[in-house]
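Shown next: work.txt, containing compact mmCIF, C-alpha atoms and all ligand atoms.
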```txt
# COMPACT_ATOMS: atom_id res chain seq x y z
CA MET A 1 -17.84 -19.94 7.91
CA LEU A 2 -15.16 -18.96 5.42
CA ASN A 3 -14.58 -21.13 2.38
CA LEU A 4 -11.05 -22.65 2.65
CA ASN A 5 -9.72 -21.17 -0.59
CA VAL A 6 -11.03 -17.74 0.38
CA GLU A 7 -9.46 -18.06 3.84
CA LYS A 8 -6.13 -19.09 2.31
CA ILE A 9 -5.93 -16.08 0.00
CA LEU A 10 -7.05 -13.68 2.76
CA VAL A 11 -4.37 -15.04 5.10
CA ALA A 12 -1.78 -14.55 2.32
CA GLN A 13 -2.91 -10.93 2.06
CA ILE A 14 -2.14 -10.33 5.79
CA GLU A 15 1.49 -10.93 4.92
CA LYS A 16 1.39 -8.62 1.90
CA GLU A 17 -0.14 -5.75 3.90
CA ALA A 18 2.35 -6.27 6.75
CA TYR A 19 5.21 -6.31 4.25
CA SER A 20 3.86 -3.12 2.63
CA SER A 21 3.96 -1.44 6.02
CA ASN A 22 7.56 -2.55 6.63
CA LEU A 23 8.60 -1.59 3.10
CA TYR A 24 7.31 1.96 3.63
CA LEU A 25 9.03 2.11 7.02
CA ALA A 26 12.32 1.14 5.35
CA MET A 27 11.75 3.81 2.71
CA ALA A 28 10.84 6.40 5.36
CA SER A 29 14.08 5.65 7.15
CA TRP A 30 16.04 6.05 3.88
CA ALA A 31 14.26 9.37 3.21
CA GLU A 32 15.03 10.61 6.71
CA ASN A 33 18.71 9.71 6.33
CA ASN A 34 18.88 11.51 2.99
CA GLY A 35 17.33 14.79 4.12
CA PHE A 36 13.81 14.28 2.75
CA GLU A 37 11.81 15.04 5.90
CA GLY A 38 8.48 15.58 4.13
CA THR A 39 8.82 12.40 2.11
CA ALA A 40 9.71 10.49 5.29
CA GLN A 41 6.53 11.82 6.88
CA TRP A 42 4.48 10.75 3.85
CA LEU A 43 5.98 7.26 4.03
CA TYR A 44 5.52 6.89 7.80
CA THR A 45 1.84 7.82 7.36
CA GLN A 46 1.60 5.32 4.49
CA ALA A 47 3.21 2.62 6.67
CA GLU A 48 0.58 3.25 9.36
CA GLU A 49 -2.19 2.93 6.77
CA GLU A 50 -0.81 -0.39 5.59
CA HIS A 51 -0.78 -1.56 9.19
CA THR A 52 -4.49 -0.73 9.48
CA HIS A 53 -5.11 -2.65 6.22
CA MET A 54 -3.42 -5.68 7.76
CA LEU A 55 -5.61 -5.33 10.88
CA ARG A 56 -8.74 -5.25 8.71
CA PHE A 57 -7.79 -8.63 7.19
CA ILE A 58 -7.00 -10.17 10.60
CA ALA A 59 -10.31 -8.96 12.07
CA TYR A 60 -12.37 -10.11 9.09
CA ILE A 61 -10.84 -13.61 8.92
CA ASN A 62 -11.35 -14.21 12.66
CA GLU A 63 -14.84 -12.72 12.63
CA ARG A 64 -15.88 -15.14 9.88
CA GLY A 65 -14.64 -18.21 11.75
CA GLY A 66 -11.26 -18.47 9.99
CA LYS A 67 -7.81 -18.35 11.58
CA ALA A 68 -5.67 -15.28 10.97
CA ILE A 69 -1.98 -16.19 10.89
CA ILE A 70 0.65 -13.58 11.75
CA PRO A 71 3.52 -14.07 9.30
CA ALA A 72 7.30 -13.75 9.49
CA LEU A 73 8.42 -11.03 7.11
CA LYS A 74 11.36 -10.74 4.75
CA GLN A 75 13.70 -7.75 4.99
CA PRO A 76 12.58 -4.90 2.70
CA PRO A 77 15.19 -3.11 0.54
CA MET A 78 16.92 -0.30 2.44
CA GLU A 79 18.77 1.46 -0.42
CA TYR A 80 17.34 3.55 -3.28
CA ILE A 81 19.18 5.39 -6.05
CA ASP A 82 17.21 8.61 -5.54
CA ILE A 83 13.75 9.88 -4.67
CA ARG A 84 12.36 9.05 -8.11
CA ASP A 85 13.66 5.48 -7.89
CA LEU A 86 11.94 5.19 -4.51
CA PHE A 87 8.55 6.35 -5.80
CA GLU A 88 8.80 4.15 -8.93
CA TYR A 89 9.28 1.28 -6.49
CA VAL A 90 6.21 2.37 -4.47
CA PHE A 91 4.17 2.47 -7.68
CA LYS A 92 5.36 -0.98 -8.77
CA HIS A 93 4.55 -2.35 -5.34
CA GLU A 94 1.05 -0.82 -5.29
CA LYS A 95 0.31 -2.31 -8.72
CA TYR A 96 1.37 -5.70 -7.36
CA ILE A 97 -0.98 -5.21 -4.37
CA SER A 98 -3.84 -4.18 -6.71
CA ASP A 99 -3.30 -7.41 -8.67
CA SER A 100 -3.44 -9.47 -5.51
CA ILE A 101 -6.65 -7.73 -4.37
CA ASN A 102 -8.13 -8.52 -7.79
CA ASP A 103 -7.08 -12.16 -7.34
CA ILE A 104 -9.06 -12.19 -4.08
CA VAL A 105 -12.12 -10.89 -5.95
CA GLY A 106 -11.61 -13.68 -8.52
CA ILE A 107 -11.49 -16.41 -5.84
CA CYS A 108 -14.58 -14.95 -4.08
CA ILE A 109 -16.50 -15.12 -7.35
CA ASP A 110 -15.26 -18.65 -8.16
CA GLU A 111 -16.26 -19.84 -4.69
CA LYS A 112 -19.53 -17.85 -4.71
CA ASP A 113 -18.51 -16.04 -1.50
CA PHE A 114 -20.46 -12.86 -2.17
CA SER A 115 -20.14 -11.45 1.36
CA THR A 116 -16.34 -11.47 1.18
CA ASN A 117 -16.56 -10.12 -2.34
CA ASN A 118 -18.64 -7.28 -0.96
CA TRP A 119 -16.20 -6.70 1.91
CA ILE A 120 -13.11 -6.66 -0.35
CA GLN A 121 -14.59 -3.92 -2.57
CA TRP A 122 -13.31 -1.32 -0.06
CA PHE A 123 -9.78 -2.47 -0.95
CA VAL A 124 -10.53 -2.40 -4.68
CA ASN A 125 -11.37 1.31 -4.33
CA GLU A 126 -8.49 1.96 -1.96
CA GLN A 127 -6.03 0.60 -4.55
CA ILE A 128 -7.40 2.96 -7.20
CA GLU A 129 -6.72 5.88 -4.82
CA GLU A 130 -3.26 4.64 -3.82
CA GLU A 131 -2.13 4.15 -7.41
CA LYS A 132 -3.52 7.56 -8.35
CA SER A 133 -1.78 9.35 -5.50
CA VAL A 134 1.62 7.76 -6.28
CA ARG A 135 1.18 8.48 -10.01
CA ASN A 136 0.60 12.16 -9.15
CA ILE A 137 3.81 12.23 -7.16
CA ILE A 138 5.80 10.65 -10.01
CA ASP A 139 4.26 13.14 -12.50
CA LYS A 140 5.36 15.97 -10.26
CA LEU A 141 8.89 14.56 -10.00
CA ASN A 142 9.01 14.21 -13.80
CA LEU A 143 7.96 17.84 -14.18
CA LEU A 144 10.67 18.99 -11.81
CA GLY A 145 13.29 16.87 -13.62
CA GLY A 146 15.59 16.74 -10.59
CA HIS A 147 15.18 20.45 -9.73
CA SER A 148 13.46 21.96 -6.69
CA LEU A 149 13.47 18.71 -4.74
CA TYR A 150 13.49 20.81 -1.59
CA LEU A 151 10.12 22.32 -2.56
CA PHE A 152 8.80 18.93 -3.66
CA ASP A 153 9.69 17.54 -0.24
CA LYS A 154 7.96 20.44 1.53
CA ASP A 155 4.90 20.00 -0.66
CA ILE A 156 4.41 16.24 -0.54
CA MET A 157 2.20 16.10 2.57
CA SER A 158 -0.16 18.70 1.10
CA MET A 159 -0.38 16.53 -2.04
CA ARG A 160 -1.55 13.75 0.22
CA ALA A 161 -4.15 16.05 1.86
CA VAL A 162 -5.49 17.04 -1.55
CA ALA A 163 -5.72 13.39 -2.64
CA ASN A 164 -7.61 12.47 0.55
CA ASN A 165 -10.04 15.39 0.22
CA GLN A 166 -10.88 14.29 -3.30
CA GLN A 167 -12.03 10.83 -2.09
FE1 LIG B 201 -2.64 -1.83 1.50
O1 LIG B 201 -2.67 -0.65 0.13
FE2 LIG B 201 -0.92 -0.12 -0.33
O2 LIG B 201 -0.07 -1.69 -0.40
```
Same coordinates, now as structure tokens:
Amino acid sequence: MLNLNVEKILVAQIEKEAYSSNLYLAMASWAENNGFEGTAQWLYTQAEEEHTHMLRFIAYINERGGKAIIPALKQPPMEYIDIRDLFEYVFKHEKYISDSINDIVGICIDEKDFSTNNWIQWFVNEQIEEEKSVRNIIDKLNLLGGHSLYLFDKDIMSMRAVANNQQ
């Protein structure tokens, strides 16, 4: 049976993962409307991944005798200044998610819930990868300095493939 404080923080994370998925959908839509087809693809794939993260939390909470609650979500921002602004936002958001995963680890340790602590380690590693992959994209954009965005957009899915192969 899940400890109540652990259940509470895991349920809160369902909402954060669901919001991440919607945020990346909103960004994908912006990218599509602004001619960044490759970036839109990257973001749609990212949105799907966030959806699977949410499902992992729902399944785990229910499996351990807790009650997964499906949240109402706030509207994600739909407008971005440019592609760099969008990826800075992704990075900021992923750092926020990493902090909240670390908070879950903290509660698991406080409550001596070592099985959930063990389970959540997958997310700890996932956040390292997600931050790294977005940092690489921002580095690339900095190098380009606003030039060759067409090539950047064509290249972005292969950057994702490289990041995944390195895992
Ligand atoms: Fe669910 O990892 Fe990004 O937010």
Residues of chain A at most 6 Å from ligand LIG 201 (chain B): nearest atom pair and distance in Å, all atoms listed in the file, as a tab-separated table:
```
residue	atom	partner	partner_atom	distance
A:Glu17	CA	B:LIG201	FE1	5.2
A:Ser20	CA	B:LIG201	O2	5.2
A:Glu50	CA	B:LIG201	FE1	4.7
A:His53	CA	B:LIG201	FE1	5.4
A:Glu94	CA	B:LIG201	O2	5.1
A:Ile97	CA	B:LIG201	O2	5.4
A:Gln127	CA	B:LIG201	O1	5.9
```
Spatial neighbours of A:Tyr44, max dist 7 Å, only C-alpha atoms, sep filter under 5 positions, as a PyMOL selection string:
chain A and resi 24-25+28
Selection to disk with C-alpha atoms, as a PDB file, in the frame of the given file:
```pdb
ATOM      1  CA  TYR A  24       7.310   1.960   3.630  1.00  0.00           C
ATOM      2  CA  LEU A  25       9.030   2.110   7.020  1.00  0.00           C
ATOM      3  CA  ALA A  28      10.840   6.400   5.360  1.00  0.00           C
TER       4      ALA A  28
END
```
For A:Tyr89, please output as a PyMOL selection string all residues within 12 Å (counting only C-alpha atoms; exclusion window: fewer than 5 positions along the same chain).
chain A and resi 20+23-24+27+76-84+94-96+131+134-135+138
Can you spit out the residues from that selection as a PDB file, keeping the file's coordinate frame, using C-alpha atoms?
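Generated output (result.pdb):
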```
ATOM      1  CA  SER A  20       3.860  -3.120   2.630  1.00  0.00           C
ATOM      2  CA  LEU A  23       8.600  -1.590   3.100  1.00  0.00           C
ATOM      3  CA  TYR A  24       7.310   1.960   3.630  1.00  0.00           C
ATOM      4  CA  MET A  27      11.750   3.810   2.710  1.00  0.00           C
ATOM      5  CA  PRO A  76      12.580  -4.900   2.700  1.00  0.00           C
ATOM      6  CA  PRO A  77      15.190  -3.110   0.540  1.00  0.00           C
ATOM      7  CA  MET A  78      16.920  -0.300   2.440  1.00  0.00           C
ATOM      8  CA  GLU A  79      18.770   1.460  -0.420  1.00  0.00           C
ATOM      9  CA  TYR A  80      17.340   3.550  -3.280  1.00  0.00           C
ATOM     10  CA  ILE A  81      19.180   5.390  -6.050  1.00  0.00           C
ATOM     11  CA  ASP A  82      17.210   8.610  -5.540  1.00  0.00           C
ATOM     12  CA  ILE A  83      13.750   9.880  -4.670  1.00  0.00           C
ATOM     13  CA  ARG A  84      12.360   9.050  -8.110  1.00  0.00           C
ATOM     14  CA  GLU A  94       1.050  -0.820  -5.290  1.00  0.00           C
ATOM     15  CA  LYS A  95       0.310  -2.310  -8.720  1.00  0.00           C
ATOM     16  CA  TYR A  96       1.370  -5.700  -7.360  1.00  0.00           C
ATOM     17  CA  GLU A 131      -2.130   4.150  -7.410  1.00  0.00           C
ATOM     18  CA  VAL A 134       1.620   7.760  -6.280  1.00  0.00           C
ATOM     19  CA  ARG A 135       1.180   8.480 -10.010  1.00  0.00           C
ATOM     20  CA  ILE A 138       5.800  10.650 -10.010  1.00  0.00           C
TER      21      ILE A 138
END
```
I'd like the neighbourhood of A:Ile58 as a list of chain:residue names, where a residue qualifies if any of its atoms comes within 8 Å (using all atoms listed in the file), though same-chain residues fewer than 4 positions away should be ignored.
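Skipping anything fewer than 4 positions along the chain leaves A:Val11, A:Ile14, A:Met54, A:Asn62, A:Ala68, A:Ile69.
Reported to one decimal place, the separation of atom CA of A:Asn118 from atom CA of A:Asp103 is 14.1 Å.
Minimum atom-to-atom distance to A:Gln41, evaluated using all atoms listed in the file, belongs to A:Ser29 out of A:Leu2, A:Tyr60, A:Ser29, A:Ser100.
Minimum distance to A:Trp30 across A:Leu86, A:Phe57, A:Pro71, A:Ile101 (counting only C-alpha atoms) occurs at A:Leu86.
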Atom CA of A:Leu141 and atom CA of A:Thr52, how far apart in Å?
28.1 Å
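Restricting the calculation to all atoms listed in the file, the smallest distance between A:Lys140 and any of A:Ile156, A:Gly106, A:Asp113, A:Tyr19 is found for A:Ile156.
Of the listed residues A:His147, A:Trp122, A:Ile107, A:Phe87, the one whose atoms come nearest to A:Trp42 is A:Phe87, with distances taken using all atoms listed in the file.
The coordinates place atom CA of A:Ala12 at 14.1 Å from atom CA of A:Ile120.
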With only C-alpha atoms as the basis for distance, which of A:Glu15, A:Glu49, A:Glu88, A:Glu32 is at the shortest distance from A:Asn136?
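Going through A:Glu15, A:Glu49, A:Glu88, A:Glu32 one by one, the smallest distance to A:Asn136 is for A:Glu88.
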Which residue is closest to A:Ile104? Choose from A:Val124, A:Lys132, A:Asp85, A:Asp139 and count only C-alpha atoms.
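Among A:Val124, A:Lys132, A:Asp85, A:Asp139, it is A:Val124 that comes nearest to A:Ile104.
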